[in-house]
>>> print(open('query-v7.txt').read())   # compact mmCIF, N, CA and C atoms and all ligand atoms
# COMPACT_ATOMS: atom_id res chain seq x y z
N MET A 24 14.78 -1.87 11.00
CA MET A 24 15.03 -1.83 9.57
C MET A 24 14.28 -0.64 8.96
N ALA A 25 15.03 0.12 8.16
CA ALA A 25 14.43 1.31 7.56
C ALA A 25 13.50 0.94 6.41
N SER A 26 12.45 1.70 6.27
CA SER A 26 11.51 1.50 5.16
C SER A 26 12.17 1.94 3.86
N PRO A 27 12.01 1.17 2.76
CA PRO A 27 12.63 1.55 1.50
C PRO A 27 11.98 2.77 0.85
N VAL A 28 10.77 3.09 1.26
CA VAL A 28 10.10 4.26 0.69
C VAL A 28 9.59 5.13 1.82
N ASN A 29 9.39 6.37 1.52
CA ASN A 29 8.87 7.33 2.49
C ASN A 29 7.35 7.15 2.57
N PRO A 30 6.82 6.72 3.72
CA PRO A 30 5.37 6.49 3.82
C PRO A 30 4.56 7.75 3.56
N GLY A 31 5.08 8.90 3.95
CA GLY A 31 4.37 10.15 3.70
C GLY A 31 4.23 10.42 2.21
N PHE A 32 5.30 10.12 1.47
CA PHE A 32 5.28 10.30 0.02
C PHE A 32 4.26 9.35 -0.61
N CYS A 33 4.28 8.08 -0.17
CA CYS A 33 3.34 7.10 -0.70
C CYS A 33 1.91 7.53 -0.43
N SER A 34 1.63 8.00 0.78
CA SER A 34 0.28 8.45 1.11
C SER A 34 -0.15 9.60 0.21
N LYS A 35 0.77 10.52 -0.03
CA LYS A 35 0.45 11.68 -0.88
C LYS A 35 0.15 11.23 -2.31
N VAL A 36 0.99 10.33 -2.84
CA VAL A 36 0.78 9.83 -4.21
C VAL A 36 -0.55 9.08 -4.30
N LEU A 37 -0.81 8.20 -3.32
CA LEU A 37 -2.07 7.45 -3.33
C LEU A 37 -3.26 8.39 -3.22
N TYR A 38 -3.16 9.40 -2.36
CA TYR A 38 -4.27 10.34 -2.20
C TYR A 38 -4.51 11.11 -3.50
N GLU A 39 -3.45 11.59 -4.14
CA GLU A 39 -3.61 12.35 -5.37
C GLU A 39 -4.18 11.48 -6.49
N THR A 40 -3.74 10.21 -6.55
CA THR A 40 -4.29 9.29 -7.54
C THR A 40 -5.77 9.05 -7.29
N TRP A 41 -6.10 8.79 -6.04
CA TRP A 41 -7.50 8.56 -5.68
C TRP A 41 -8.34 9.78 -6.00
N GLN A 42 -7.83 10.98 -5.67
CA GLN A 42 -8.58 12.20 -5.90
C GLN A 42 -8.81 12.42 -7.40
N SER A 43 -7.79 12.19 -8.22
CA SER A 43 -7.95 12.36 -9.66
C SER A 43 -9.00 11.41 -10.21
N GLU A 44 -8.95 10.15 -9.76
CA GLU A 44 -9.93 9.17 -10.23
C GLU A 44 -11.34 9.54 -9.77
N LEU A 45 -11.45 10.05 -8.56
CA LEU A 45 -12.76 10.48 -8.05
C LEU A 45 -13.31 11.63 -8.89
N LEU A 46 -12.46 12.60 -9.21
CA LEU A 46 -12.91 13.75 -9.99
C LEU A 46 -13.32 13.35 -11.40
N VAL A 47 -12.59 12.43 -12.01
CA VAL A 47 -12.96 11.94 -13.34
C VAL A 47 -14.30 11.21 -13.27
N THR A 48 -14.48 10.40 -12.26
CA THR A 48 -15.76 9.68 -12.09
C THR A 48 -16.90 10.67 -11.89
N GLN A 49 -16.68 11.68 -11.06
CA GLN A 49 -17.73 12.69 -10.84
C GLN A 49 -18.07 13.39 -12.15
N PHE A 50 -17.06 13.72 -12.92
CA PHE A 50 -17.31 14.39 -14.20
C PHE A 50 -18.12 13.48 -15.13
N LEU A 51 -17.68 12.24 -15.28
CA LEU A 51 -18.34 11.33 -16.21
C LEU A 51 -19.80 11.07 -15.81
N ARG A 52 -20.06 11.05 -14.52
CA ARG A 52 -21.42 10.83 -14.04
C ARG A 52 -22.23 12.12 -13.96
N GLY A 53 -21.55 13.27 -14.07
CA GLY A 53 -22.24 14.55 -13.96
C GLY A 53 -22.69 14.84 -12.54
N HIS A 54 -22.10 14.15 -11.57
CA HIS A 54 -22.53 14.28 -10.18
C HIS A 54 -21.52 15.05 -9.34
N GLY A 55 -20.64 15.78 -9.94
CA GLY A 55 -19.65 16.53 -9.19
C GLY A 55 -20.19 17.90 -8.80
N ALA A 56 -19.30 18.79 -8.53
CA ALA A 56 -19.67 20.13 -8.09
C ALA A 56 -20.03 21.00 -9.29
N PHE A 57 -21.09 20.59 -9.97
CA PHE A 57 -21.60 21.36 -11.10
C PHE A 57 -22.93 21.96 -10.68
N ARG A 58 -23.13 23.22 -11.04
CA ARG A 58 -24.36 23.87 -10.57
C ARG A 58 -25.61 23.12 -10.98
N SER A 59 -25.62 22.53 -12.17
CA SER A 59 -26.83 21.82 -12.59
C SER A 59 -27.12 20.66 -11.64
N PHE A 60 -26.07 19.96 -11.19
CA PHE A 60 -26.26 18.86 -10.24
C PHE A 60 -26.62 19.40 -8.86
N MET A 61 -25.90 20.43 -8.41
CA MET A 61 -26.18 21.01 -7.10
C MET A 61 -27.61 21.56 -7.05
N TYR A 62 -28.05 22.13 -8.16
CA TYR A 62 -29.42 22.65 -8.25
C TYR A 62 -30.42 21.49 -8.15
N ARG A 63 -30.11 20.41 -8.86
CA ARG A 63 -31.00 19.25 -8.89
C ARG A 63 -31.17 18.63 -7.50
N ILE A 64 -30.12 18.66 -6.69
CA ILE A 64 -30.23 18.07 -5.35
C ILE A 64 -30.55 19.12 -4.28
N GLY A 65 -30.89 20.32 -4.71
CA GLY A 65 -31.35 21.35 -3.78
C GLY A 65 -30.27 22.07 -3.00
N LYS A 66 -29.03 22.04 -3.49
CA LYS A 66 -27.93 22.71 -2.77
C LYS A 66 -27.66 24.13 -3.26
N THR A 67 -28.31 24.54 -4.35
CA THR A 67 -28.18 25.91 -4.84
C THR A 67 -29.49 26.29 -5.52
N THR A 68 -29.73 27.59 -5.64
CA THR A 68 -30.96 28.03 -6.28
C THR A 68 -30.74 28.45 -7.73
N VAL A 69 -29.50 28.40 -8.18
CA VAL A 69 -29.16 28.82 -9.54
C VAL A 69 -28.38 27.71 -10.21
N ASP A 70 -28.72 27.39 -11.46
CA ASP A 70 -27.96 26.34 -12.16
C ASP A 70 -27.16 26.88 -13.33
N LEU A 71 -26.96 28.20 -13.35
CA LEU A 71 -26.24 28.81 -14.47
C LEU A 71 -24.76 29.00 -14.15
N CYS A 72 -23.93 28.91 -15.20
CA CYS A 72 -22.51 29.23 -15.08
C CYS A 72 -22.38 30.72 -14.78
N GLY A 73 -21.59 31.06 -13.80
CA GLY A 73 -21.41 32.45 -13.42
C GLY A 73 -20.71 33.28 -14.49
N SER A 74 -20.05 32.63 -15.41
CA SER A 74 -19.33 33.34 -16.46
C SER A 74 -20.13 33.43 -17.75
N CYS A 75 -20.76 32.32 -18.14
CA CYS A 75 -21.41 32.24 -19.46
C CYS A 75 -22.93 32.38 -19.40
N GLN A 76 -23.51 32.28 -18.21
CA GLN A 76 -24.96 32.38 -18.03
C GLN A 76 -25.74 31.34 -18.83
N VAL A 77 -25.19 30.14 -18.94
CA VAL A 77 -25.92 29.00 -19.50
C VAL A 77 -25.90 27.91 -18.43
N GLN A 78 -26.75 26.88 -18.60
CA GLN A 78 -26.81 25.82 -17.60
C GLN A 78 -25.42 25.20 -17.41
N ASN A 79 -24.98 25.16 -16.16
CA ASN A 79 -23.62 24.69 -15.87
C ASN A 79 -23.62 23.18 -15.61
N THR A 80 -23.61 22.44 -16.70
CA THR A 80 -23.51 20.99 -16.63
C THR A 80 -22.04 20.60 -16.62
N SER A 81 -21.77 19.32 -16.40
CA SER A 81 -20.38 18.86 -16.46
C SER A 81 -19.81 19.10 -17.87
N GLU A 82 -20.63 18.88 -18.88
CA GLU A 82 -20.18 19.11 -20.26
C GLU A 82 -19.83 20.58 -20.48
N HIS A 83 -20.68 21.47 -19.99
CA HIS A 83 -20.37 22.90 -20.15
C HIS A 83 -19.08 23.25 -19.43
N ALA A 84 -18.99 22.83 -18.17
CA ALA A 84 -17.82 23.20 -17.36
C ALA A 84 -16.51 22.74 -17.99
N MET A 85 -16.54 21.58 -18.62
CA MET A 85 -15.29 21.01 -19.13
C MET A 85 -15.01 21.36 -20.59
N PHE A 86 -16.04 21.35 -21.42
CA PHE A 86 -15.78 21.44 -22.86
C PHE A 86 -16.37 22.66 -23.55
N GLU A 87 -17.13 23.48 -22.85
CA GLU A 87 -17.73 24.65 -23.49
C GLU A 87 -17.37 25.97 -22.80
N CYS A 88 -17.20 25.93 -21.51
CA CYS A 88 -16.98 27.16 -20.73
C CYS A 88 -15.67 27.83 -21.13
N ARG A 89 -15.74 29.13 -21.26
CA ARG A 89 -14.54 29.89 -21.63
C ARG A 89 -13.45 29.76 -20.56
N ARG A 90 -13.86 29.44 -19.31
CA ARG A 90 -12.87 29.29 -18.24
C ARG A 90 -12.05 28.01 -18.39
N SER A 91 -12.49 27.12 -19.28
CA SER A 91 -11.75 25.88 -19.54
C SER A 91 -10.91 25.94 -20.80
N ASP A 92 -11.02 27.02 -21.54
CA ASP A 92 -10.39 27.11 -22.86
C ASP A 92 -8.90 26.77 -22.88
N SER A 93 -8.14 27.36 -21.97
CA SER A 93 -6.68 27.17 -22.05
C SER A 93 -6.28 25.73 -21.73
N ARG A 94 -6.89 25.14 -20.71
CA ARG A 94 -6.56 23.75 -20.36
C ARG A 94 -7.02 22.79 -21.47
N ARG A 95 -8.21 23.04 -21.99
CA ARG A 95 -8.73 22.18 -23.07
C ARG A 95 -7.84 22.29 -24.31
N LYS A 96 -7.38 23.49 -24.62
CA LYS A 96 -6.52 23.67 -25.80
C LYS A 96 -5.21 22.92 -25.63
N VAL A 97 -4.63 22.95 -24.44
CA VAL A 97 -3.39 22.21 -24.19
C VAL A 97 -3.63 20.71 -24.42
N ALA A 98 -4.73 20.19 -23.90
CA ALA A 98 -5.03 18.76 -24.07
C ALA A 98 -5.27 18.43 -25.54
N GLU A 99 -6.04 19.27 -26.22
CA GLU A 99 -6.34 19.01 -27.63
C GLU A 99 -5.09 19.12 -28.49
N ASP A 100 -4.24 20.06 -28.19
CA ASP A 100 -2.98 20.19 -28.94
C ASP A 100 -2.08 18.98 -28.68
N THR A 101 -2.04 18.52 -27.44
CA THR A 101 -1.21 17.36 -27.10
C THR A 101 -1.67 16.11 -27.84
N LEU A 102 -2.99 15.92 -27.91
CA LEU A 102 -3.54 14.72 -28.54
C LEU A 102 -3.89 14.91 -30.01
N SER A 103 -3.80 16.15 -30.49
CA SER A 103 -4.15 16.49 -31.88
C SER A 103 -5.56 16.04 -32.24
N ILE A 104 -6.51 16.33 -31.32
CA ILE A 104 -7.90 15.96 -31.57
C ILE A 104 -8.81 16.88 -30.76
N LYS A 105 -9.99 17.14 -31.28
CA LYS A 105 -11.01 17.91 -30.57
C LYS A 105 -11.63 16.98 -29.52
N ILE A 106 -11.75 17.47 -28.29
CA ILE A 106 -12.27 16.65 -27.20
C ILE A 106 -13.67 17.16 -26.83
N SER A 107 -14.60 16.23 -26.69
CA SER A 107 -15.95 16.58 -26.26
C SER A 107 -16.41 15.53 -25.25
N THR A 108 -17.55 15.77 -24.65
CA THR A 108 -18.09 14.80 -23.70
C THR A 108 -18.31 13.46 -24.39
N SER A 109 -18.84 13.50 -25.60
CA SER A 109 -19.15 12.24 -26.29
C SER A 109 -17.89 11.51 -26.76
N SER A 110 -16.79 12.22 -26.93
CA SER A 110 -15.58 11.56 -27.42
C SER A 110 -14.54 11.29 -26.34
N CYS A 111 -14.67 11.88 -25.16
CA CYS A 111 -13.57 11.81 -24.19
C CYS A 111 -13.29 10.38 -23.69
N VAL A 112 -14.32 9.58 -23.48
CA VAL A 112 -14.08 8.22 -23.01
C VAL A 112 -13.37 7.40 -24.09
N GLU A 113 -13.85 7.53 -25.32
CA GLU A 113 -13.20 6.82 -26.43
C GLU A 113 -11.74 7.24 -26.56
N ILE A 114 -11.47 8.52 -26.41
CA ILE A 114 -10.08 9.01 -26.48
C ILE A 114 -9.27 8.45 -25.32
N MET A 115 -9.84 8.44 -24.11
CA MET A 115 -9.12 7.92 -22.93
C MET A 115 -8.72 6.46 -23.11
N LEU A 116 -9.55 5.70 -23.79
CA LEU A 116 -9.31 4.26 -23.92
C LEU A 116 -8.31 3.92 -25.03
N ARG A 117 -7.86 4.91 -25.77
CA ARG A 117 -6.90 4.64 -26.85
C ARG A 117 -5.56 4.11 -26.34
N ASP A 118 -5.00 4.83 -25.35
CA ASP A 118 -3.70 4.44 -24.80
C ASP A 118 -3.46 5.19 -23.49
N GLU A 119 -2.38 4.86 -22.82
CA GLU A 119 -2.09 5.45 -21.51
C GLU A 119 -1.87 6.95 -21.59
N GLU A 120 -1.21 7.43 -22.65
CA GLU A 120 -0.97 8.86 -22.77
C GLU A 120 -2.29 9.62 -22.91
N SER A 121 -3.18 9.10 -23.74
CA SER A 121 -4.47 9.76 -23.92
C SER A 121 -5.24 9.78 -22.61
N TRP A 122 -5.20 8.65 -21.90
CA TRP A 122 -5.87 8.58 -20.59
C TRP A 122 -5.32 9.66 -19.67
N ALA A 123 -4.00 9.74 -19.60
CA ALA A 123 -3.36 10.68 -18.69
C ALA A 123 -3.69 12.13 -19.06
N VAL A 124 -3.73 12.44 -20.34
CA VAL A 124 -4.02 13.82 -20.76
C VAL A 124 -5.44 14.20 -20.39
N ILE A 125 -6.40 13.31 -20.66
CA ILE A 125 -7.80 13.61 -20.35
C ILE A 125 -8.00 13.67 -18.83
N GLU A 126 -7.39 12.73 -18.13
CA GLU A 126 -7.50 12.73 -16.66
C GLU A 126 -6.93 14.03 -16.09
N GLU A 127 -5.81 14.48 -16.62
CA GLU A 127 -5.21 15.73 -16.15
C GLU A 127 -6.12 16.91 -16.47
N LEU A 128 -6.69 16.93 -17.66
CA LEU A 128 -7.61 18.01 -18.04
C LEU A 128 -8.78 18.07 -17.05
N ILE A 129 -9.41 16.93 -16.83
CA ILE A 129 -10.60 16.90 -15.97
C ILE A 129 -10.23 17.21 -14.52
N SER A 130 -9.23 16.54 -13.99
CA SER A 130 -8.94 16.73 -12.56
C SER A 130 -8.39 18.13 -12.29
N SER A 131 -7.55 18.67 -13.18
CA SER A 131 -7.02 20.01 -12.92
C SER A 131 -8.13 21.05 -13.02
N ARG A 132 -9.03 20.88 -13.97
CA ARG A 132 -10.14 21.83 -14.11
C ARG A 132 -11.08 21.75 -12.90
N MET A 133 -11.34 20.54 -12.45
CA MET A 133 -12.22 20.37 -11.28
C MET A 133 -11.57 20.98 -10.04
N LYS A 134 -10.27 20.79 -9.88
CA LYS A 134 -9.57 21.36 -8.72
C LYS A 134 -9.58 22.88 -8.79
N MET A 135 -9.39 23.43 -9.99
CA MET A 135 -9.41 24.88 -10.15
C MET A 135 -10.80 25.43 -9.82
N ARG A 136 -11.83 24.72 -10.24
CA ARG A 136 -13.20 25.15 -9.95
C ARG A 136 -13.42 25.20 -8.44
N ARG A 137 -12.89 24.22 -7.73
CA ARG A 137 -13.03 24.20 -6.27
C ARG A 137 -12.31 25.38 -5.63
N ARG A 138 -11.05 25.60 -6.09
CA ARG A 138 -10.26 26.69 -5.50
C ARG A 138 -10.93 28.04 -5.73
N LYS A 139 -11.48 28.22 -6.92
CA LYS A 139 -12.11 29.52 -7.25
C LYS A 139 -13.57 29.57 -6.86
N LYS A 140 -14.05 28.47 -6.24
CA LYS A 140 -15.45 28.40 -5.78
C LYS A 140 -16.40 28.73 -6.92
N GLU A 141 -16.18 28.09 -8.09
CA GLU A 141 -17.03 28.33 -9.24
C GLU A 141 -18.38 27.66 -9.12
N ILE A 142 -18.55 26.79 -8.13
CA ILE A 142 -19.85 26.11 -8.01
C ILE A 142 -20.85 26.96 -7.30
ZN ZN B 1 -19.23 28.87 -18.47
>>> encode(input="query-v7.txt", output="structure tokens", more="lines below")
Ligand SMILES: [Zn+2]
Amino acid sequence: MASPVNPGFCSKVLYETWQSELLVTQFLRGHGAFRSFMYRIGKTTVDLCGSCQVQNTSEHAMFECRRSDSRRKVAEDTLSIKISTSSCVEIMLRDEESWAVIEELISSRMKMRRRKKEI
């Protein structure tokens, strides 16, 4: 009997969902690939953003860094609200669309940081 769904597709969807949730959790805890965290645990000798030369915290990487401007603007325009570290959880809890927009902002930015080795 043939499977009604493609197992490879399901695995990919589950992996991408898991990865997005992991990245959002890392961001919210500040324990992701942020120089300030990597510096704190002894994995780098510099905790500054390579672009802005300020401490590269999760808040800086997501809501202050010029490298996040375009993605953040898309999210803010979509939700018609300014997004910050202090407001992002409250915004996420409003409804599914808000959750999805913030999750996309965080996970896409985190993935881009990995690809460009910004840490
Ligand atoms: Zn920066």
>>> atom_distance(input="query-v7.txt", atom1="atom CA of A:Glu87", atom2="atom N of A:Lys105")
13.3 Å
>>> closest_residue(input="query-v7.txt", among="A:Lys96, A:Ala123, A:Arg58, A:Lys66", to="A:Gln78", atoms="only C-alpha atoms")
A:Arg58
>>> closest_residue(input="query-v7.txt", among="A:Ile106, A:Ile114, A:Leu128, A:Val77", to="ligand ZN 1 (chain B)", atoms="only C-alpha atoms and all ligand atoms")
A:Val77
>>> select_by_dssp(input="query-v7.txt", residues="chain A", states="helix (DSSP H, G or I)", output="JSON, numbers by chain")
{"A": [30, 31, 32, 33, 34, 35, 36, 37, 38, 39, 40, 41, 42, 43, 44, 45, 46, 47, 48, 49, 50, 51, 52, 58, 59, 60, 61, 62, 63, 81, 82, 83, 84, 85, 86, 87, 89, 90, 91, 92, 93, 94, 95, 96, 97, 98, 99, 100, 101, 102, 108, 109, 110, 111, 112, 113, 114, 115, 119, 120, 121, 122, 123, 124, 125, 126, 127, 128, 129, 130, 131, 132, 133, 134, 135, 136, 137, 138]}
>>> residues_near_ligand(input="query-v7.txt", ligand="ligand ZN 1 (chain B)", cutoff="6 Å", atoms="only C-alpha atoms and all ligand atoms", output="mmCIF file with N, CA and C atoms, in the frame of the given file")
data_model
loop_
_atom_site.group_PDB
_atom_site.id
_atom_site.type_symbol
_atom_site.label_atom_id
_atom_site.label_comp_id
_atom_site.auth_asym_id
_atom_site.auth_seq_id
_atom_site.Cartn_x
_atom_site.Cartn_y
_atom_site.Cartn_z
ATOM 1 N N CYS A 72 -23.930 28.910 -15.200
ATOM 2 C CA CYS A 72 -22.510 29.230 -15.080
ATOM 3 C C CYS A 72 -22.380 30.720 -14.780
ATOM 4 N N SER A 74 -20.050 32.630 -15.410
ATOM 5 C CA SER A 74 -19.330 33.340 -16.460
ATOM 6 C C SER A 74 -20.130 33.430 -17.750
ATOM 7 N N CYS A 75 -20.760 32.320 -18.140
ATOM 8 C CA CYS A 75 -21.410 32.240 -19.460
ATOM 9 C C CYS A 75 -22.930 32.380 -19.400
ATOM 10 N N ALA A 84 -18.990 22.830 -18.170
ATOM 11 C CA ALA A 84 -17.820 23.200 -17.360
ATOM 12 C C ALA A 84 -16.510 22.740 -17.990
ATOM 13 N N CYS A 88 -17.200 25.930 -21.510
ATOM 14 C CA CYS A 88 -16.980 27.160 -20.730
ATOM 15 C C CYS A 88 -15.670 27.830 -21.130
ATOM 16 N N ARG A 89 -15.740 29.130 -21.260
ATOM 17 C CA ARG A 89 -14.540 29.890 -21.630
ATOM 18 C C ARG A 89 -13.450 29.760 -20.560
#
>>> closest_residue(input="query-v7.txt", among="A:Asp92, A:Glu127, A:Glu119, A:Glu82", to="A:His54", atoms="only C-alpha atoms")
A:Glu82
>>> atom_distance(input="query-v7.txt", atom1="atom C of A:Asn79", atom2="atom N of A:Tyr62")
8.7 Å
>>> residues_near_point(input="query-v7.txt", point="(-1.5, 15.1, -26.4)", cutoff="12 Å", atoms="only C-alpha atoms", output="list in words")
Arg94, Arg95, Lys96, Val97, Ala98, Glu99, Asp100, Thr101, Leu102, Ser103, Ile104, Lys105, Ile106, Ile114, Met115, Arg117, Asp118, Glu119, Glu120, Ser121, Trp122, Ala123, Val124, Ile125, Glu126, Glu127 and Leu128 of chain A
>>> atom_distance(input="query-v7.txt", atom1="atom CA of A:Arg90", atom2="atom C of A:Ser34")
29.8 Å
